[in-house]
Amino acid sequence: MNDIADDKDQSLREDIRRLGRILGDTVRQQHGEEMFSLIETVRQNSIRFRRDADHDARAALENTLDTLTNDQTTHLIRAFSYFSHLVNLAEDQHHIRRTRAHLIAGSLPRRGSLAHTIETLFAEKEATTNLRSFFETAQVTPVLTAHPTEVQRKSILNCQMVITRLLDERDRMQLTPEESRANEEALQRAVLTLWQTRMLRMSKLSVLDEVENGLSFYDYTFLRELPHLYAGLEDLLASKDASFVDTELPSFMRMGSWIGGDRDGNPFVTATVLEKTLVMQATRALKFYLDELHTLGSQLSMATLLVKVSPELVALAERSPDHSPHRADEPYRLAVSGIYARLAMTLKNLLGLDPVIPACGIAPAYATAEELVADLDIIHHSLQMNGSEGITRGRLRHLRRAVRVFGFYLAPIDLRQNSDVHERVVAELLRAANPDVDYLSLNEDQRIEVLIGEISSARPLASPYLTYSEETQSELAIYRAACTAQQRYGKGAVPNCIISKTDGVSDMLELALLLKESGLLHPAEGRLDVNIIPLFETIGDLQNSAPAMDRLLAIPAYARLLSSRNNAQEVMLGYSDSNKDGGFLTSGWELYKAEIDLVEIFAKHGVRLRLFHGRGGSVGRGGGPSYQAILAQPAGAVQGQIRLTEQGEVITAKYANPEVGRRNLEVLAAATMEASMLSHTEPAPKPEFLKAMEELSNHAFRAYRNMVYETEGFEQYFWESTVISEIAGLNIGSRPASRKKSTAIEDLRAIPWVFSWSQCRLMLPGWFGFGSAVQRFLDDHPSDGLATLRAMFKQWSFFSTVLSNMEMVLAKSDIGIASRYAQLVKDEELRNRIFPRIEAEHTLTISVLKQISGREDLLSDNPLLKRSIVNRFPYLSPLNHVQVELLKRYRQGDEDERVRRGIHLSINGIAAGLRNSG
């Protein structure tokens with residue numbers, strides 16, 4: 001199945017064959033030999049066509065697929081979709097297998113691992129000083145977001161995790177023949193369960209459903225693997241420098257979340273939903289701590305007859321309500337039982353819940369997570385002081401770190417709202433207080449003057465005696481809920497407020513006013529209890545970001561507030577919408593320039609910049625490998641602090657498997673350390689590179705805008721040639737596909753925009769405009785243009801990363817399949833006017849990309865992805881083919897439920913095969 005793989009991939013091939021055989025046996029068993037033979041015929045013809053370009057195989061394939069009944073179509077879609085899921089599991093397991101083999105062999109640490117980063121840093125002078133300085137202020141935060149195109153049900157994920165565990169068991173254990181048979185039978189049961197589990201949701205997800213789905217990754221990965229990451233990093237540092245022995249690093253890496261707090265275009269996120277989200281998160285955290293304490297108590301059985309203990313530990317044990325005579329001489333157990341009792345009362349007071357295992361008695365609740373940490377530290381220090389240091393390095397170590405990282409709220413929740421909403425609410429509040437003030441008619445300078453006056457005044461603007469619109473009441477309610485959350489769970493529970501579509505200073509001051517009205521901004525003390533974070537999204541907004549921040553930071557009233565936030569200001573940059581607005585190349589370039597300008601502006605004002613990267617899963621939304629993306633940031637843009645979004649299927653791919661999750665968390669930490677402390681290793685880009693990039697961006701922008709926004713009928717072409725219309729009927733998220741009730745591309749959310757192009761295998765947002773831009777550049781610079789671009793590719797990591805990401809997208813595209821979707825466009829003139837232009841740009845882009853890189857084939861330097869494509873793409877072509885046929889039937893009025901369901905099943909399968917939905 002894999003001609004390009006070497007012997008290292010033998011185990012992968014065996015796993016794929018084994019899982020494919022089991023799936024085939026399951027189909028035969030459940031639906032008979034005829035159905036199995038049909039699927040097998042399709043599979044073999046598809047492989048022949050993909051591998052050998054066998055046109056007879058293609059004709060046979062299309063003839064078979066075009067004559068399927070609705071029931072046969074459904075079974076075929078499910079078979080090929082589940083095979084893609086199983087290949088994903090096998091590949092993930094193979095990555096783990098190869099990493100472990102690498103470590104067992106004692107090979108040099110791989111790039112992107114913390115071991116490699118620490119090794120590299122200690123090769124530098126002043127490494128110890130630099131590292132200590134880094135950790136004092138470092139912040140690395142992956143932020144989970146709900147995803148309108150996340151197509152996988154949690155029930156499917158649970159089945160897959162069982163299969164993953166069984167594959168892992170085969171790797172790690174030398175099984176006896178009996179054990180091997182038992183493992184094989186368990187795999188058969190797991191695949192059968194997967195086959196019999198409904199792939200689609202019957203009802204639309206609610207926000208709280210999305211919260212629950214997000215929380216499952218804490219069970220799988222974060223609660224355990226993040227503490228393990230800290231422990232591993234501390235041990236690495238101690239092995240390099242004795243001064244790090246017994247050093248506990250600050251908790252610089254935490255998780256974040258938008259789920260339950262992101263209101264931009266989602267009317268279902270309310271104050272009540274935020275409150276329930278916080279309850280769900282706190283419940284997860286506190287119950288985890290209680291479980292860990294219960295186990296820890298069973299392990300710390302040391303008796304005073306045999307060990308000494310500290311006076312603080314004695315006092316802690318004496319405060320325990322546990323008076324069992326069987327534990328009278330076991331002070332550590334008594335101390336743990338006392339901590340358990342206090343935490344049980346905390347659970348009762350905060351959430352009205354009782355632990356599964358009752359406490360031994362009544363004890364006062366903890367007021368803060370810091371109090372819990374202090375008690376755990378007493379146990380830790382007593383063990384250290386009395387010859388039991390080894391015991392501190394197990395469960396106790398990880399629990400202490402978990403409480404420091406997750407607190408009583410598990411993950412900080414960001415609130416996000418569109419600037420237009422803030423504007424309307426502020427206008428209504430001002431009008432109600434003073435009918436002579438028409439805020440919406442004021443210019444920017446006048447608005448700023450009014451807003452500064454209001455946020456500097458302790459007088460409340462909102463009145464309990466007035467009735468406001470539903471929108472205004474809702475906005476005030478959610479900020480007040482955030483204020484209450486900080487009081488209940490800690491300041492870190494809701495620390496950030498983000499303003500979508502920020503384009504000026506007044507947008508940020510409007511939010512400041514709403515925070516004052518909600519008790520989160522205190523004018524008298526000059527204190528701000530949350531971070532005000534502008535989100536610059538469109539190309540124009542990115543270009544205006546530095547001037548806007550320059551003006552904001554120069555306002556004394558705001559600078560005073562910022563001092564209460566450690567004189568640090570976060571700025572969020574939108575990858576998705578800037579891409580949809582200006583195309584892939586221009587988006588990347590304007591983001592890069594905005595970062596450079598922001599670094600300069602913040603240095604001028606003496607304010608620390610923290611960038612929040614709104615990256616999507618796909619390259620068309622700013623995705624791609626995180627390690628390379630972070631290292632490709634311009635000098636000074638990371639500064640030890642970075643936040644970035646993790647979305648949808650990327651969350652599942654990165655964090656559903658604990659080992660894979662740990663590795664991905666490591667990558668973020670390692671890249672941030674390297675970008676912050678080794679930025680001098682790459683020289684600043686040459687002036688001619690910057691000039692060339694500006695020219696390329698201008699050409700690409702015009703080509704992209706001309707096609708997407710200026711070509712008559714393109715909107716209709718998009719809606720008819722992709723699955724965008726059908727996505728709205730798929731129960732895959734709580735958020736509408738568009739911000740407004742329209743079909744305009746301007747109003748469409750970036751996620752379904754990219755998702756739709758991915759489904760038809762065109763991937764247009766990830767490359768369109770580049771070919772034309774390069775061709776125009778070469779025409780304008782015939783003597784040295786290509787040499788300049790090749791030098792940029794070799795010497796400038798930003799440019800090479802852009803091209804690498806584009807190459808991945810193009811390798812997943814298939815213009816032949818895309819042409820079949822083009823046939824869905826009813827207007828033949830429109831179809832013939834647009835698709836040939838897209839096809840020509842696709843061909844040109846691949847051609848110029850190869851010229852610049854000097855490679856004959858796409859992905860010749862990325863054998864892992866190339867192997868993945870060889871393994872899975874023969875199984876995608878049939879899914880695309882039947883999806884087109886089903887779309888034809890559905891749009892022609894076929895009301896058979898199996899047709900609609902088949903479309904939705906094919907969407908799931910194609911997304912799984914591409915490992916990329918948008």
# chains A, B, ... in the order shown; residues from 1 in each chain; ligands from 1
$ residues_around --residues "Val494 in chain A" --least-positions-apart "5" --cutoff "8 Å" --atoms "only C-alpha atoms" --output "list in words"
Pro412, Ile413, Asp414, Leu415, Ala482, Ala485, Gln486 and Val530 of chain A
$ write_last_selection --atoms "C-alpha atoms" --output "compact mmCIF listing (two decimals), in the first residue's frame"
# COMPACT_ATOMS: atom_id res chain seq x y z
CA PRO A 412 -9.61 30.76 32.31
CA ILE A 413 -12.60 31.64 30.12
CA ASP A 414 -12.24 34.48 27.64
CA LEU A 415 -15.25 36.64 26.87
CA ALA A 482 -17.76 37.54 35.15
CA ALA A 485 -17.05 34.46 38.92
CA GLN A 486 -13.81 36.16 39.91
CA VAL A 530 -9.49 41.85 33.30
$ closest_residue --among "A:Glu746, A:Glu659, A:Asp171, A:Asp597" --to "Lys580 in chain A" --atoms "only C-alpha atoms"
A:Glu746
$ residues_around --residues "range 690-701 of chain A" --least-positions-apart "3" --cutoff "12 Å" --atoms "only C-alpha atoms" --output "PyMOL selection string"
chain A and resi 539+578-593+684-687+704-710+765+767-781+784-793+796+798-799+802+841+845
$ residues_around --residues "Phe406 in chain A" --least-positions-apart "6" --cutoff "9 Å" --atoms "only C-alpha atoms" --output "ChimeraX atom specification"
/A:223,254-255,285,369,412
$ select_by_dssp --residues "range 368-614 of chain A" --states "strand (DSSP E)" --output "MDAnalysis selection string"
chainID A and resid 414:418 496:500 521:522 527:528 531:536 568:574 608:614
$ residues_around --residues "Gln196 in chain A" --least-positions-apart "6" --cutoff "12 Å" --atoms "only C-alpha atoms" --output "PyMOL selection string"
chain A and resi 23+26-27+30-31+75+78-79+82+155-156+159+189-190
$ residues_around --residues "Ala127 in chain A" --least-positions-apart "4" --cutoff "12 Å" --atoms "only C-alpha atoms" --output "list of chain:residue names"
A:Thr117, A:Ile118, A:Glu119, A:Thr120, A:Leu121, A:Phe122, A:Ala123, A:Leu131, A:Arg132, A:Ser133, A:Phe134, A:Leu237, A:Lys240, A:Asp241, A:Ser243, A:Phe244, A:Met673, A:Glu674, A:Met677, A:Leu678
$ write_last_selection --atoms "N, CA, C and O atoms" --output "mmCIF file, in the first residue's frame"
data_model
loop_
_atom_site.group_PDB
_atom_site.id
_atom_site.type_symbol
_atom_site.label_atom_id
_atom_site.label_comp_id
_atom_site.auth_asym_id
_atom_site.auth_seq_id
_atom_site.Cartn_x
_atom_site.Cartn_y
_atom_site.Cartn_z
ATOM 1 N N THR A 117 15.434 21.606 23.035
ATOM 2 C CA THR A 117 15.485 23.038 23.341
ATOM 3 C C THR A 117 16.436 23.318 24.494
ATOM 4 O O THR A 117 17.261 24.248 24.426
ATOM 5 N N ILE A 118 16.327 22.538 25.564
ATOM 6 C CA ILE A 118 17.219 22.743 26.713
ATOM 7 C C ILE A 118 18.666 22.504 26.310
ATOM 8 O O ILE A 118 19.572 23.250 26.710
ATOM 9 N N GLU A 119 18.895 21.460 25.507
ATOM 10 C CA GLU A 119 20.255 21.173 25.028
ATOM 11 C C GLU A 119 20.796 22.366 24.250
ATOM 12 O O GLU A 119 21.946 22.788 24.435
ATOM 13 N N THR A 120 19.975 22.926 23.394
ATOM 14 C CA THR A 120 20.391 24.059 22.569
ATOM 15 C C THR A 120 20.664 25.290 23.418
ATOM 16 O O THR A 120 21.662 26.001 23.227
ATOM 17 N N LEU A 121 19.778 25.547 24.381
ATOM 18 C CA LEU A 121 19.930 26.745 25.212
ATOM 19 C C LEU A 121 21.177 26.670 26.094
ATOM 20 O O LEU A 121 21.852 27.682 26.305
ATOM 21 N N PHE A 122 21.484 25.480 26.589
ATOM 22 C CA PHE A 122 22.653 25.366 27.461
ATOM 23 C C PHE A 122 23.963 25.392 26.688
ATOM 24 O O PHE A 122 25.036 25.429 27.285
ATOM 25 N N ALA A 123 23.874 25.364 25.372
ATOM 26 C CA ALA A 123 25.070 25.571 24.565
ATOM 27 C C ALA A 123 25.415 27.053 24.477
ATOM 28 O O ALA A 123 26.486 27.419 23.998
ATOM 29 N N LEU A 131 17.347 31.583 31.325
ATOM 30 C CA LEU A 131 16.207 30.705 31.574
ATOM 31 C C LEU A 131 15.415 31.159 32.794
ATOM 32 O O LEU A 131 14.189 31.169 32.788
ATOM 33 N N ARG A 132 16.119 31.516 33.848
ATOM 34 C CA ARG A 132 15.411 31.988 35.050
ATOM 35 C C ARG A 132 14.613 33.248 34.734
ATOM 36 O O ARG A 132 13.475 33.412 35.182
ATOM 37 N N SER A 133 15.207 34.136 33.971
ATOM 38 C CA SER A 133 14.509 35.363 33.592
ATOM 39 C C SER A 133 13.298 35.038 32.725
ATOM 40 O O SER A 133 12.224 35.650 32.887
ATOM 41 N N PHE A 134 13.449 34.078 31.825
ATOM 42 C CA PHE A 134 12.343 33.686 30.950
ATOM 43 C C PHE A 134 11.154 33.200 31.766
ATOM 44 O O PHE A 134 10.012 33.639 31.567
ATOM 45 N N LEU A 237 16.173 20.510 33.418
ATOM 46 C CA LEU A 237 16.979 21.647 33.867
ATOM 47 C C LEU A 237 17.936 21.238 34.980
ATOM 48 O O LEU A 237 19.105 21.639 34.985
ATOM 49 N N LYS A 240 21.026 19.534 33.836
ATOM 50 C CA LYS A 240 21.985 20.396 33.145
ATOM 51 C C LYS A 240 22.713 21.353 34.085
ATOM 52 O O LYS A 240 23.826 21.783 33.810
ATOM 53 N N ASP A 241 22.052 21.719 35.170
ATOM 54 C CA ASP A 241 22.608 22.736 36.074
ATOM 55 C C ASP A 241 22.131 22.431 37.488
ATOM 56 O O ASP A 241 20.925 22.420 37.752
ATOM 57 N N SER A 243 22.033 24.127 40.026
ATOM 58 C CA SER A 243 21.281 25.196 40.693
ATOM 59 C C SER A 243 19.777 25.051 40.474
ATOM 60 O O SER A 243 18.990 25.683 41.171
ATOM 61 N N PHE A 244 19.384 24.229 39.494
ATOM 62 C CA PHE A 244 17.967 24.002 39.256
ATOM 63 C C PHE A 244 17.407 22.827 40.061
ATOM 64 O O PHE A 244 16.201 22.560 40.002
ATOM 65 N N MET A 673 10.174 29.097 23.974
ATOM 66 C CA MET A 673 11.482 29.304 24.596
ATOM 67 C C MET A 673 12.525 29.664 23.542
ATOM 68 O O MET A 673 13.308 30.592 23.718
ATOM 69 N N GLU A 674 12.522 28.929 22.439
ATOM 70 C CA GLU A 674 13.522 29.182 21.399
ATOM 71 C C GLU A 674 13.297 30.540 20.731
ATOM 72 O O GLU A 674 14.248 31.286 20.490
ATOM 73 N N MET A 677 14.481 33.261 23.225
ATOM 74 C CA MET A 677 15.873 33.327 23.670
ATOM 75 C C MET A 677 16.895 33.056 22.579
ATOM 76 O O MET A 677 18.082 33.263 22.782
ATOM 77 N N LEU A 678 16.447 32.567 21.426
ATOM 78 C CA LEU A 678 17.387 32.273 20.352
ATOM 79 C C LEU A 678 17.039 33.038 19.085
ATOM 80 O O LEU A 678 17.413 32.642 17.995
#
$ atom_distance --atom1 "CA of Thr41 in chain A" --atom2 "CA of Leu65 in chain A"
10.4 Å
$ residues_around --residues "Val42 in chain A" --least-positions-apart "6" --cutoff "8 Å" --atoms "only C-alpha atoms" --output "MDAnalysis selection string"
chainID A and resid 61 64:65 878
$ closest_residue --among "A:Ile455, A:Leu762, A:Ala146, A:Met572" --to "Gly519 in chain A" --atoms "only C-alpha atoms"
A:Ile455
$ decode --residues "range 83-96 of chain A" --atoms "all heavy atoms" --output "tab-separated table (two decimals), in the first residue's frame"
chain	number	residue	atom	x	y	z
A	83	PHE	N	-12.76	3.83	7.65
A	83	PHE	CA	-11.38	3.46	7.34
A	83	PHE	C	-10.45	4.66	7.52
A	83	PHE	O	-9.34	4.53	8.04
A	83	PHE	CB	-11.26	2.92	5.92
A	83	PHE	CG	-9.87	2.46	5.60
A	83	PHE	CD1	-9.39	1.25	6.05
A	83	PHE	CD2	-9.01	3.27	4.86
A	83	PHE	CE1	-8.09	0.83	5.78
A	83	PHE	CE2	-7.71	2.88	4.58
A	83	PHE	CZ	-7.25	1.65	5.04
A	84	SER	N	-10.89	5.85	7.10
A	84	SER	CA	-10.07	7.05	7.30
A	84	SER	C	-9.83	7.30	8.78
A	84	SER	O	-8.72	7.64	9.19
A	84	SER	CB	-10.76	8.26	6.66
A	84	SER	OG	-10.76	8.17	5.26
A	85	HIS	N	-10.88	7.14	9.59
A	85	HIS	CA	-10.70	7.29	11.03
A	85	HIS	C	-9.67	6.30	11.56
A	85	HIS	O	-8.81	6.65	12.39
A	85	HIS	CB	-12.03	7.07	11.75
A	85	HIS	CG	-13.00	8.22	11.64
A	85	HIS	ND1	-12.80	9.41	12.30
A	85	HIS	CD2	-14.16	8.36	10.96
A	85	HIS	CE1	-13.80	10.24	12.04
A	85	HIS	NE2	-14.64	9.63	11.22
A	86	LEU	N	-9.74	5.06	11.10
A	86	LEU	CA	-8.82	4.03	11.58
A	86	LEU	C	-7.40	4.29	11.13
A	86	LEU	O	-6.44	4.05	11.89
A	86	LEU	CB	-9.30	2.65	11.11
A	86	LEU	CG	-10.63	2.17	11.71
A	86	LEU	CD1	-11.09	0.88	11.04
A	86	LEU	CD2	-10.53	1.99	13.22
A	87	VAL	N	-7.22	4.79	9.92
A	87	VAL	CA	-5.88	5.16	9.45
A	87	VAL	C	-5.32	6.28	10.32
A	87	VAL	O	-4.13	6.27	10.67
A	87	VAL	CB	-5.91	5.57	7.97
A	87	VAL	CG1	-4.56	6.17	7.55
A	87	VAL	CG2	-6.22	4.37	7.09
A	88	ASN	N	-6.16	7.23	10.68
A	88	ASN	CA	-5.71	8.30	11.57
A	88	ASN	C	-5.17	7.73	12.87
A	88	ASN	O	-4.11	8.15	13.37
A	88	ASN	CB	-6.86	9.26	11.89
A	88	ASN	CG	-7.30	10.08	10.69
A	88	ASN	OD1	-6.60	10.15	9.68
A	88	ASN	ND2	-8.46	10.70	10.79
A	89	LEU	N	-5.89	6.77	13.45
A	89	LEU	CA	-5.46	6.16	14.71
A	89	LEU	C	-4.14	5.43	14.53
A	89	LEU	O	-3.24	5.52	15.38
A	89	LEU	CB	-6.53	5.18	15.21
A	89	LEU	CG	-7.92	5.74	15.49
A	89	LEU	CD1	-8.83	4.65	16.04
A	89	LEU	CD2	-7.87	6.91	16.46
A	90	ALA	N	-4.02	4.71	13.41
A	90	ALA	CA	-2.78	3.97	13.16
A	90	ALA	C	-1.60	4.92	12.99
A	90	ALA	O	-0.50	4.66	13.49
A	90	ALA	CB	-2.94	3.10	11.91
A	91	GLU	N	-1.81	6.03	12.31
A	91	GLU	CA	-0.73	7.00	12.11
A	91	GLU	C	-0.32	7.65	13.42
A	91	GLU	O	0.87	7.83	13.70
A	91	GLU	CB	-1.15	8.06	11.09
A	91	GLU	CG	-1.19	7.53	9.67
A	91	GLU	CD	-1.45	8.62	8.65
A	91	GLU	OE1	-1.82	9.74	9.07
A	91	GLU	OE2	-1.30	8.36	7.45
A	92	ASP	N	-1.31	8.01	14.25
A	92	ASP	CA	-0.99	8.60	15.55
A	92	ASP	C	-0.19	7.61	16.39
A	92	ASP	O	0.79	7.99	17.06
A	92	ASP	CB	-2.28	8.99	16.29
A	92	ASP	CG	-2.94	10.22	15.68
A	92	ASP	OD1	-2.27	10.94	14.91
A	92	ASP	OD2	-4.12	10.46	15.99
A	93	GLN	N	-0.61	6.36	16.37
A	93	GLN	CA	0.11	5.35	17.14
A	93	GLN	C	1.53	5.17	16.60
A	93	GLN	O	2.47	4.94	17.36
A	93	GLN	CB	-0.65	4.02	17.10
A	93	GLN	CG	-0.05	2.92	17.96
A	93	GLN	CD	0.01	3.32	19.44
A	93	GLN	OE1	-0.83	4.07	19.93
A	93	GLN	NE2	1.01	2.83	20.14
A	94	HIS	N	1.68	5.29	15.29
A	94	HIS	CA	3.01	5.13	14.71
A	94	HIS	C	3.93	6.28	15.12
A	94	HIS	O	5.13	6.06	15.36
A	94	HIS	CB	2.91	5.06	13.19
A	94	HIS	CG	4.19	4.65	12.52
A	94	HIS	ND1	4.80	3.44	12.78
A	94	HIS	CD2	4.98	5.28	11.60
A	94	HIS	CE1	5.91	3.34	12.05
A	94	HIS	NE2	6.04	4.46	11.34
A	95	HIS	N	3.38	7.49	15.20
A	95	HIS	CA	4.19	8.62	15.67
A	95	HIS	C	4.68	8.35	17.10
A	95	HIS	O	5.85	8.60	17.42
A	95	HIS	CB	3.37	9.91	15.65
A	95	HIS	CG	3.05	10.40	14.27
A	95	HIS	ND1	3.94	10.30	13.22
A	95	HIS	CD2	1.96	11.00	13.75
A	95	HIS	CE1	3.41	10.81	12.13
A	95	HIS	NE2	2.19	11.23	12.42
A	96	ILE	N	3.80	7.84	17.94
A	96	ILE	CA	4.20	7.51	19.31
A	96	ILE	C	5.27	6.42	19.30
A	96	ILE	O	6.27	6.48	20.02
A	96	ILE	CB	2.97	7.05	20.12
A	96	ILE	CG1	1.98	8.22	20.30
A	96	ILE	CG2	3.38	6.49	21.48
A	96	ILE	CD1	0.64	7.79	20.88
